[in-house]
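The next block is target.tsv, given as TSV, N, CA, C and O atoms.
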chain	number	residue	atom	x	y	z
A	1	TYR	N	37.26	26.66	-55.71
A	1	TYR	CA	37.71	25.31	-55.45
A	1	TYR	C	36.50	24.39	-55.45
A	1	TYR	O	35.53	24.62	-54.73
A	2	ILE	N	36.51	23.36	-56.26
A	2	ILE	CA	35.43	22.37	-56.31
A	2	ILE	C	35.96	21.07	-55.75
A	2	ILE	O	36.92	20.49	-56.26
A	3	ASP	N	35.32	20.62	-54.70
A	3	ASP	CA	35.70	19.37	-54.06
A	3	ASP	C	34.82	18.24	-54.60
A	3	ASP	O	33.60	18.29	-54.45
A	4	PRO	N	35.39	17.22	-55.23
A	4	PRO	CA	34.57	16.15	-55.81
A	4	PRO	C	33.71	15.42	-54.78
A	4	PRO	O	32.62	14.98	-55.11
A	5	SER	N	34.19	15.31	-53.56
A	5	SER	CA	33.39	14.61	-52.55
A	5	SER	C	32.13	15.39	-52.20
A	5	SER	O	31.14	14.81	-51.75
A	6	VAL	N	32.14	16.70	-52.41
A	6	VAL	CA	30.95	17.50	-52.15
A	6	VAL	C	30.05	17.57	-53.38
A	6	VAL	O	28.83	17.44	-53.30
A	7	VAL	N	30.64	17.74	-54.54
A	7	VAL	CA	29.87	17.92	-55.77
A	7	VAL	C	29.17	16.63	-56.17
A	7	VAL	O	28.01	16.64	-56.58
A	8	PHE	N	29.84	15.50	-56.03
A	8	PHE	CA	29.28	14.23	-56.52
A	8	PHE	C	28.80	13.31	-55.41
A	8	PHE	O	28.65	12.12	-55.63
A	9	ALA	N	28.52	13.83	-54.24
A	9	ALA	CA	28.02	13.01	-53.15
A	9	ALA	C	26.56	12.66	-53.39
A	9	ALA	O	25.76	13.50	-53.78
A	10	LEU	N	26.19	11.39	-53.17
A	10	LEU	CA	24.80	10.98	-53.36
A	10	LEU	C	23.88	11.58	-52.32
A	10	LEU	O	22.67	11.62	-52.52
A	11	THR	N	24.42	12.01	-51.22
A	11	THR	CA	23.58	12.60	-50.17
A	11	THR	C	23.35	14.08	-50.39
A	11	THR	O	22.57	14.68	-49.68
A	12	ASP	N	24.02	14.67	-51.37
A	12	ASP	CA	23.85	16.08	-51.66
A	12	ASP	C	22.49	16.33	-52.30
A	12	ASP	O	21.98	15.51	-53.06
A	13	VAL	N	21.90	17.45	-52.02
A	13	VAL	CA	20.55	17.76	-52.49
A	13	VAL	C	20.50	17.88	-54.00
A	13	VAL	O	19.56	17.40	-54.64
A	14	SER	N	21.48	18.51	-54.62
A	14	SER	CA	21.43	18.71	-56.07
A	14	SER	C	21.48	17.39	-56.82
A	14	SER	O	20.76	17.21	-57.81
A	15	ILE	N	22.31	16.47	-56.40
A	15	ILE	CA	22.39	15.16	-57.04
A	15	ILE	C	21.11	14.37	-56.78
A	15	ILE	O	20.58	13.71	-57.68
A	16	MET	N	20.58	14.45	-55.57
A	16	MET	CA	19.35	13.71	-55.25
A	16	MET	C	18.17	14.22	-56.08
A	16	MET	O	17.34	13.42	-56.50
A	17	MET	N	18.11	15.51	-56.36
A	17	MET	CA	17.01	16.03	-57.19
A	17	MET	C	17.08	15.45	-58.60
A	17	MET	O	16.05	15.08	-59.18
A	18	ILE	N	18.25	15.37	-59.16
A	18	ILE	CA	18.41	14.82	-60.50
A	18	ILE	C	18.05	13.34	-60.50
A	18	ILE	O	17.35	12.85	-61.39
A	19	LEU	N	18.50	12.61	-59.49
A	19	LEU	CA	18.22	11.18	-59.42
A	19	LEU	C	16.73	10.90	-59.22
A	19	LEU	O	16.20	9.93	-59.77
A	20	VAL	N	16.07	11.73	-58.44
A	20	VAL	CA	14.63	11.56	-58.21
A	20	VAL	C	13.87	11.72	-59.51
A	20	VAL	O	12.98	10.92	-59.84
A	21	VAL	N	14.22	12.72	-60.30
A	21	VAL	CA	13.54	12.94	-61.58
A	21	VAL	C	13.85	11.81	-62.55
A	21	VAL	O	12.96	11.33	-63.26
A	22	MET	N	15.09	11.34	-62.58
A	22	MET	CA	15.45	10.23	-63.45
A	22	MET	C	14.71	8.96	-63.05
A	22	MET	O	14.27	8.20	-63.92
A	23	LEU	N	14.58	8.72	-61.78
A	23	LEU	CA	13.91	7.51	-61.31
A	23	LEU	C	12.42	7.55	-61.61
A	23	LEU	O	11.86	6.58	-62.13
A	24	GLY	N	11.77	8.65	-61.33
A	24	GLY	CA	10.33	8.74	-61.53
A	24	GLY	C	9.95	8.93	-62.98
A	24	GLY	O	8.96	8.37	-63.44
A	25	GLY	N	10.69	9.72	-63.69
A	25	GLY	CA	10.38	9.97	-65.09
A	25	GLY	C	10.33	11.47	-65.35
A	25	GLY	O	9.47	12.16	-64.82
A	26	ALA	N	11.23	11.94	-66.16
A	26	ALA	CA	11.26	13.35	-66.51
A	26	ALA	C	10.12	13.66	-67.46
A	26	ALA	O	9.74	12.84	-68.28
A	27	GLY	N	9.55	14.83	-67.33
A	27	GLY	CA	8.48	15.24	-68.21
A	27	GLY	C	7.11	14.75	-67.79
A	27	GLY	O	6.15	14.89	-68.53
A	28	THR	N	7.01	14.13	-66.63
A	28	THR	CA	5.72	13.67	-66.13
A	28	THR	C	5.37	14.47	-64.89
A	28	THR	O	6.23	15.06	-64.24
A	29	PHE	N	4.09	14.47	-64.56
A	29	PHE	CA	3.65	15.24	-63.40
A	29	PHE	C	3.91	14.50	-62.09
A	29	PHE	O	4.43	15.06	-61.15
A	30	TYR	N	3.55	13.23	-62.05
A	30	TYR	CA	3.70	12.45	-60.82
A	30	TYR	C	5.04	11.74	-60.71
A	30	TYR	O	5.37	11.22	-59.64
A	31	GLY	N	5.80	11.67	-61.77
A	31	GLY	CA	7.06	10.95	-61.77
A	31	GLY	C	8.05	11.40	-60.71
A	31	GLY	O	8.54	10.57	-59.95
A	32	PRO	N	8.36	12.69	-60.61
A	32	PRO	CA	9.30	13.11	-59.58
A	32	PRO	C	8.81	12.85	-58.15
A	32	PRO	O	9.60	12.52	-57.28
A	33	ALA	N	7.51	12.94	-57.92
A	33	ALA	CA	6.99	12.66	-56.57
A	33	ALA	C	7.14	11.18	-56.24
A	33	ALA	O	7.57	10.82	-55.12
A	34	ILE	N	6.83	10.32	-57.20
A	34	ILE	CA	7.00	8.89	-56.98
A	34	ILE	C	8.48	8.55	-56.83
A	34	ILE	O	8.86	7.76	-55.97
A	35	GLY	N	9.31	9.16	-57.64
A	35	GLY	CA	10.75	8.95	-57.54
A	35	GLY	C	11.30	9.39	-56.19
A	35	GLY	O	12.17	8.73	-55.63
A	36	ALA	N	10.79	10.50	-55.66
A	36	ALA	CA	11.25	10.99	-54.35
A	36	ALA	C	10.89	10.02	-53.25
A	36	ALA	O	11.72	9.72	-52.38
A	37	VAL	N	9.67	9.53	-53.28
A	37	VAL	CA	9.24	8.58	-52.23
A	37	VAL	C	10.09	7.32	-52.29
A	37	VAL	O	10.60	6.85	-51.26
A	38	ILE	N	10.27	6.78	-53.47
A	38	ILE	CA	11.06	5.55	-53.61
A	38	ILE	C	12.51	5.78	-53.25
A	38	ILE	O	13.13	4.95	-52.57
A	39	MET	N	13.08	6.92	-53.65
A	39	MET	CA	14.48	7.20	-53.38
A	39	MET	C	14.73	7.35	-51.87
A	39	MET	O	15.72	6.83	-51.35
A	40	VAL	N	13.84	8.03	-51.18
A	40	VAL	CA	14.03	8.22	-49.74
A	40	VAL	C	13.89	6.89	-49.01
A	40	VAL	O	14.70	6.56	-48.12
A	41	ILE	N	12.88	6.11	-49.38
A	41	ILE	CA	12.69	4.81	-48.71
A	41	ILE	C	13.87	3.89	-48.98
A	41	ILE	O	14.40	3.25	-48.05
A	42	CYS	N	14.33	3.83	-50.22
A	42	CYS	CA	15.47	2.97	-50.56
A	42	CYS	C	16.75	3.43	-49.87
A	42	CYS	O	17.49	2.60	-49.35
A	43	SER	N	17.00	4.72	-49.88
A	43	SER	CA	18.25	5.19	-49.26
A	43	SER	C	18.27	4.93	-47.76
A	43	SER	O	19.29	4.54	-47.21
A	44	GLU	N	17.13	5.10	-47.09
A	44	GLU	CA	17.09	4.83	-45.65
A	44	GLU	C	17.17	3.33	-45.37
A	44	GLU	O	17.84	2.91	-44.44
A	45	ALA	N	16.48	2.53	-46.18
A	45	ALA	CA	16.55	1.08	-45.97
A	45	ALA	C	17.96	0.56	-46.24
A	45	ALA	O	18.47	-0.28	-45.48
A	46	PHE	N	18.59	1.04	-47.30
A	46	PHE	CA	19.96	0.61	-47.59
A	46	PHE	C	20.92	1.06	-46.50
A	46	PHE	O	21.84	0.33	-46.15
A	47	ARG	N	20.70	2.25	-45.95
A	47	ARG	CA	21.57	2.74	-44.88
A	47	ARG	C	21.46	1.86	-43.65
A	47	ARG	O	22.45	1.53	-43.00
A	48	VAL	N	20.25	1.41	-43.34
A	48	VAL	CA	20.03	0.58	-42.15
A	48	VAL	C	20.57	-0.84	-42.36
A	48	VAL	O	21.27	-1.38	-41.51
A	49	TYR	N	20.26	-1.44	-43.52
A	49	TYR	CA	20.61	-2.84	-43.74
A	49	TYR	C	22.03	-3.07	-44.23
A	49	TYR	O	22.63	-4.09	-43.92
A	50	PHE	N	22.56	-2.16	-45.01
A	50	PHE	CA	23.88	-2.38	-45.60
A	50	PHE	C	24.99	-1.56	-44.96
A	50	PHE	O	26.14	-1.73	-45.30
A	51	GLY	N	24.65	-0.67	-44.05
A	51	GLY	CA	25.66	0.10	-43.34
A	51	GLY	C	26.48	0.98	-44.27
A	51	GLY	O	25.95	1.80	-45.01
A	52	SER	N	27.79	0.79	-44.23
A	52	SER	CA	28.67	1.66	-45.01
A	52	SER	C	28.65	1.33	-46.50
A	52	SER	O	29.14	2.12	-47.30
A	53	ALA	N	28.06	0.21	-46.91
A	53	ALA	CA	27.98	-0.14	-48.32
A	53	ALA	C	26.72	0.42	-48.98
A	53	ALA	O	26.45	0.10	-50.13
A	54	ASN	N	25.98	1.25	-48.27
A	54	ASN	CA	24.72	1.75	-48.82
A	54	ASN	C	24.92	2.60	-50.07
A	54	ASN	O	24.12	2.53	-51.00
A	55	LEU	N	25.97	3.38	-50.15
A	55	LEU	CA	26.22	4.19	-51.34
A	55	LEU	C	26.58	3.33	-52.55
A	55	LEU	O	26.20	3.64	-53.67
A	56	LEU	N	27.27	2.23	-52.31
A	56	LEU	CA	27.60	1.31	-53.39
A	56	LEU	C	26.32	0.67	-53.94
A	56	LEU	O	26.12	0.62	-55.16
A	57	ILE	N	25.46	0.21	-53.06
A	57	ILE	CA	24.20	-0.41	-53.48
A	57	ILE	C	23.33	0.61	-54.20
A	57	ILE	O	22.72	0.31	-55.24
A	58	MET	N	23.27	1.83	-53.68
A	58	MET	CA	22.46	2.88	-54.31
A	58	MET	C	23.02	3.23	-55.69
A	58	MET	O	22.26	3.43	-56.63
A	59	GLY	N	24.33	3.28	-55.83
A	59	GLY	CA	24.95	3.55	-57.12
A	59	GLY	C	24.66	2.46	-58.14
A	59	GLY	O	24.36	2.75	-59.30
A	60	ILE	N	24.72	1.21	-57.71
A	60	ILE	CA	24.40	0.09	-58.60
A	60	ILE	C	22.94	0.16	-59.02
A	60	ILE	O	22.61	-0.04	-60.20
A	61	LEU	N	22.05	0.47	-58.10
A	61	LEU	CA	20.63	0.60	-58.41
A	61	LEU	C	20.39	1.71	-59.43
A	61	LEU	O	19.62	1.54	-60.38
A	62	ILE	N	21.06	2.83	-59.28
A	62	ILE	CA	20.90	3.95	-60.20
A	62	ILE	C	21.40	3.58	-61.60
A	62	ILE	O	20.76	3.88	-62.61
A	63	VAL	N	22.53	2.90	-61.67
A	63	VAL	CA	23.06	2.47	-62.98
A	63	VAL	C	22.10	1.51	-63.65
A	63	VAL	O	21.83	1.61	-64.86
A	64	LEU	N	21.52	0.57	-62.89
A	64	LEU	CA	20.57	-0.37	-63.47
A	64	LEU	C	19.31	0.33	-63.97
A	64	LEU	O	18.77	-0.03	-65.02
A	65	ILE	N	18.85	1.32	-63.23
A	65	ILE	CA	17.67	2.08	-63.66
A	65	ILE	C	17.98	2.84	-64.95
A	65	ILE	O	17.15	2.86	-65.87
A	66	ILE	N	19.14	3.44	-65.03
A	66	ILE	CA	19.50	4.19	-66.23
A	66	ILE	C	19.62	3.26	-67.44
A	66	ILE	O	19.21	3.60	-68.54
A	67	ILE	N	20.13	2.05	-67.24
A	67	ILE	CA	20.29	1.11	-68.34
A	67	ILE	C	18.96	0.52	-68.78
A	67	ILE	O	18.64	0.48	-69.97
A	68	PHE	N	18.15	0.04	-67.82
A	68	PHE	CA	16.96	-0.71	-68.17
A	68	PHE	C	15.68	0.12	-68.24
A	68	PHE	O	14.74	-0.26	-68.94
A	69	ILE	N	15.61	1.23	-67.52
A	69	ILE	CA	14.42	2.09	-67.55
A	69	ILE	C	14.87	3.53	-67.76
A	69	ILE	O	14.79	4.36	-66.86
A	70	PRO	N	15.35	3.87	-68.95
A	70	PRO	CA	15.91	5.21	-69.15
A	70	PRO	C	14.89	6.34	-69.04
A	70	PRO	O	15.26	7.46	-68.76
A	71	ASN	N	13.61	6.05	-69.25
A	71	ASN	CA	12.60	7.10	-69.13
A	71	ASN	C	11.91	7.12	-67.78
A	71	ASN	O	10.92	7.82	-67.61
A	72	GLY	N	12.37	6.35	-66.83
A	72	GLY	CA	11.83	6.37	-65.48
A	72	GLY	C	10.70	5.37	-65.27
A	72	GLY	O	10.27	4.66	-66.17
A	73	LEU	N	10.24	5.32	-64.04
A	73	LEU	CA	9.20	4.37	-63.66
A	73	LEU	C	7.85	4.68	-64.29
A	73	LEU	O	7.05	3.78	-64.52
A	74	MET	N	7.57	5.93	-64.59
A	74	MET	CA	6.31	6.28	-65.22
A	74	MET	C	6.24	5.72	-66.64
A	74	MET	O	5.14	5.48	-67.15
A	75	ASP	N	7.36	5.47	-67.26
A	75	ASP	CA	7.37	4.88	-68.59
A	75	ASP	C	6.88	3.44	-68.54
A	75	ASP	O	6.24	2.97	-69.48
A	76	ILE	N	7.16	2.73	-67.46
A	76	ILE	CA	6.66	1.36	-67.31
A	76	ILE	C	5.14	1.38	-67.27
A	76	ILE	O	4.49	0.55	-67.90
A	77	ARG	N	4.59	2.31	-66.56
A	77	ARG	CA	3.13	2.43	-66.47
A	77	ARG	C	2.53	2.71	-67.85
A	77	ARG	O	1.53	2.10	-68.23
A	78	GLU	N	3.13	3.61	-68.59
A	78	GLU	CA	2.65	3.92	-69.93
A	78	GLU	C	2.81	2.72	-70.87
A	78	GLU	O	1.95	2.46	-71.70
A	79	TYR	N	3.91	2.00	-70.73
A	79	TYR	CA	4.14	0.81	-71.55
A	79	TYR	C	3.08	-0.24	-71.28
A	79	TYR	O	2.54	-0.84	-72.21
A	80	LEU	N	2.76	-0.47	-70.02
A	80	LEU	CA	1.73	-1.45	-69.68
A	80	LEU	C	0.36	-1.01	-70.17
A	80	LEU	O	-0.45	-1.83	-70.61
A	81	LYS	N	0.08	0.29	-70.11
A	81	LYS	CA	-1.20	0.80	-70.59
A	81	LYS	C	-1.31	0.62	-72.11
A	81	LYS	O	-2.36	0.22	-72.61
A	82	ARG	N	-0.24	0.91	-72.85
A	82	ARG	CA	-0.26	0.73	-74.30
A	82	ARG	C	-0.39	-0.73	-74.67
A	82	ARG	O	-1.08	-1.09	-75.62
A	83	ARG	N	0.26	-1.58	-73.92
A	83	ARG	CA	0.23	-3.01	-74.20
A	83	ARG	C	-1.16	-3.59	-73.94
A	83	ARG	O	-1.60	-4.49	-74.66
A	84	LYS	N	-1.85	-3.07	-72.95
A	84	LYS	CA	-3.19	-3.55	-72.62
A	84	LYS	C	-4.17	-3.25	-73.73
A	84	LYS	O	-5.04	-4.06	-74.06
A	85	TYR	N	-4.05	-2.08	-74.35
A	85	TYR	CA	-4.99	-1.68	-75.39
A	85	TYR	C	-4.56	-2.10	-76.79
A	85	TYR	O	-5.26	-1.86	-77.74
A	86	ALA	N	-3.38	-2.69	-76.91
A	86	ALA	CA	-2.90	-3.09	-78.24
A	86	ALA	C	-3.44	-4.44	-78.65
A	86	ALA	O	-3.96	-5.22	-78.02
Write-out of the structure in structure tokens:
Amino acid sequence: YIDPSVVFALTDVSIMMILVVMLGGAGTFYGPAIGAVIMVICSEAFRVYFGSANLLIMGILIVLIIIFIPNGLMDIREYLKRRKYA
């Protein structure tokens, strides 16, 4: 029996690991660590400030990251580095 509320919960460890890697940048060394720090800080801040709407805000943030930064935050760093030397 697979319960959707357990499998797709944002607070579940398996989903958080995937989101951390997506946020920081897959295939990079420091990306998942940076993604983990940002994800924990954001989730705790959203929980404190937005109360029960924290999962909605976190979901919107994740969708925006997937749309605008599909390779993660480390890609922004690489983009800025390439732009500086171009």
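Across A:Leu80, A:Ile60, A:Leu55, A:Ile66, the tightest approach to Leu23 in chain A is made by A:Ile66 when counting only N, CA, C and O atoms.
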Protein, DNA and RNA residues within 10 Å of (13.9, 12.5, -60.4), only C-alpha atoms, as a CSV table (one decimal) with N, CA, C and O atoms, in the coordinates of the input:
chain,number,residue,atom,x,y,z
A,15,ILE,N,22.3,16.5,-56.4
A,15,ILE,CA,22.4,15.2,-57.0
A,15,ILE,C,21.1,14.4,-56.8
A,15,ILE,O,20.6,13.7,-57.7
A,16,MET,N,20.6,14.4,-55.6
A,16,MET,CA,19.4,13.7,-55.2
A,16,MET,C,18.2,14.2,-56.1
A,16,MET,O,17.3,13.4,-56.5
A,17,MET,N,18.1,15.5,-56.4
A,17,MET,CA,17.0,16.0,-57.2
A,17,MET,C,17.1,15.4,-58.6
A,17,MET,O,16.0,15.1,-59.2
A,18,ILE,N,18.2,15.4,-59.2
A,18,ILE,CA,18.4,14.8,-60.5
A,18,ILE,C,18.0,13.3,-60.5
A,18,ILE,O,17.4,12.8,-61.4
A,19,LEU,N,18.5,12.6,-59.5
A,19,LEU,CA,18.2,11.2,-59.4
A,19,LEU,C,16.7,10.9,-59.2
A,19,LEU,O,16.2,9.9,-59.8
A,20,VAL,N,16.1,11.7,-58.4
A,20,VAL,CA,14.6,11.6,-58.2
A,20,VAL,C,13.9,11.7,-59.5
A,20,VAL,O,13.0,10.9,-59.8
A,21,VAL,N,14.2,12.7,-60.3
A,21,VAL,CA,13.5,12.9,-61.6
A,21,VAL,C,13.8,11.8,-62.6
A,21,VAL,O,13.0,11.3,-63.3
A,22,MET,N,15.1,11.3,-62.6
A,22,MET,CA,15.4,10.2,-63.4
A,22,MET,C,14.7,9.0,-63.0
A,22,MET,O,14.3,8.2,-63.9
A,23,LEU,N,14.6,8.7,-61.8
A,23,LEU,CA,13.9,7.5,-61.3
A,23,LEU,C,12.4,7.6,-61.6
A,23,LEU,O,11.9,6.6,-62.1
A,24,GLY,N,11.8,8.6,-61.3
A,24,GLY,CA,10.3,8.7,-61.5
A,24,GLY,C,10.0,8.9,-63.0
A,24,GLY,O,9.0,8.4,-63.4
A,25,GLY,N,10.7,9.7,-63.7
A,25,GLY,CA,10.4,10.0,-65.1
A,25,GLY,C,10.3,11.5,-65.4
A,25,GLY,O,9.5,12.2,-64.8
A,26,ALA,N,11.2,11.9,-66.2
A,26,ALA,CA,11.3,13.4,-66.5
A,26,ALA,C,10.1,13.7,-67.5
A,26,ALA,O,9.7,12.8,-68.3
A,27,GLY,N,9.6,14.8,-67.3
A,27,GLY,CA,8.5,15.2,-68.2
A,27,GLY,C,7.1,14.8,-67.8
A,27,GLY,O,6.2,14.9,-68.5
A,31,GLY,N,5.8,11.7,-61.8
A,31,GLY,CA,7.1,11.0,-61.8
A,31,GLY,C,8.0,11.4,-60.7
A,31,GLY,O,8.5,10.6,-60.0
A,32,PRO,N,8.4,12.7,-60.6
A,32,PRO,CA,9.3,13.1,-59.6
A,32,PRO,C,8.8,12.8,-58.2
A,32,PRO,O,9.6,12.5,-57.3
A,33,ALA,N,7.5,12.9,-57.9
A,33,ALA,CA,7.0,12.7,-56.6
A,33,ALA,C,7.1,11.2,-56.2
A,33,ALA,O,7.6,10.8,-55.1
A,34,ILE,N,6.8,10.3,-57.2
A,34,ILE,CA,7.0,8.9,-57.0
A,34,ILE,C,8.5,8.6,-56.8
A,34,ILE,O,8.9,7.8,-56.0
A,35,GLY,N,9.3,9.2,-57.6
A,35,GLY,CA,10.8,9.0,-57.5
A,35,GLY,C,11.3,9.4,-56.2
A,35,GLY,O,12.2,8.7,-55.6
A,36,ALA,N,10.8,10.5,-55.7
A,36,ALA,CA,11.2,11.0,-54.4
A,36,ALA,C,10.9,10.0,-53.2
A,36,ALA,O,11.7,9.7,-52.4
A,39,MET,N,13.1,6.9,-53.6
A,39,MET,CA,14.5,7.2,-53.4
A,39,MET,C,14.7,7.4,-51.9
A,39,MET,O,15.7,6.8,-51.4
A,72,GLY,N,12.4,6.4,-66.8
A,72,GLY,CA,11.8,6.4,-65.5
A,72,GLY,C,10.7,5.4,-65.3
A,72,GLY,O,10.3,4.7,-66.2
A,73,LEU,N,10.2,5.3,-64.0
A,73,LEU,CA,9.2,4.4,-63.7
A,73,LEU,C,7.8,4.7,-64.3
A,73,LEU,O,7.0,3.8,-64.5
Assuming 6 Å of padding per side, give the centre and edge lengths of the axis-aligned box around every listed atom of range 22-28 of chain A, in Å to one decimal and as lines of an AutoDock Vina configuration file.
center_x = 10.4
center_y = 10.9
center_z = -64.9
size_x = 22.1
size_y = 20.7
size_z = 19.2
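The interatomic distance for the pair CA of Leu61 in chain A and CA of Lys84 in chain A works out to 28.0 Å.
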- [ ] Measure the distance from CA of Ser43 in chain A to CA of Met58 in chain A in Å and round it to one decimal.
- [x]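 CA of Ser43 in chain A sits 7.0 Å away from CA of Met58 in chain A.
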Open item on the list: One number please: CA of Met74 in chain A to CA of Ile62 in chain A, in Å, one decimal.
Closed with: 15.6 Å
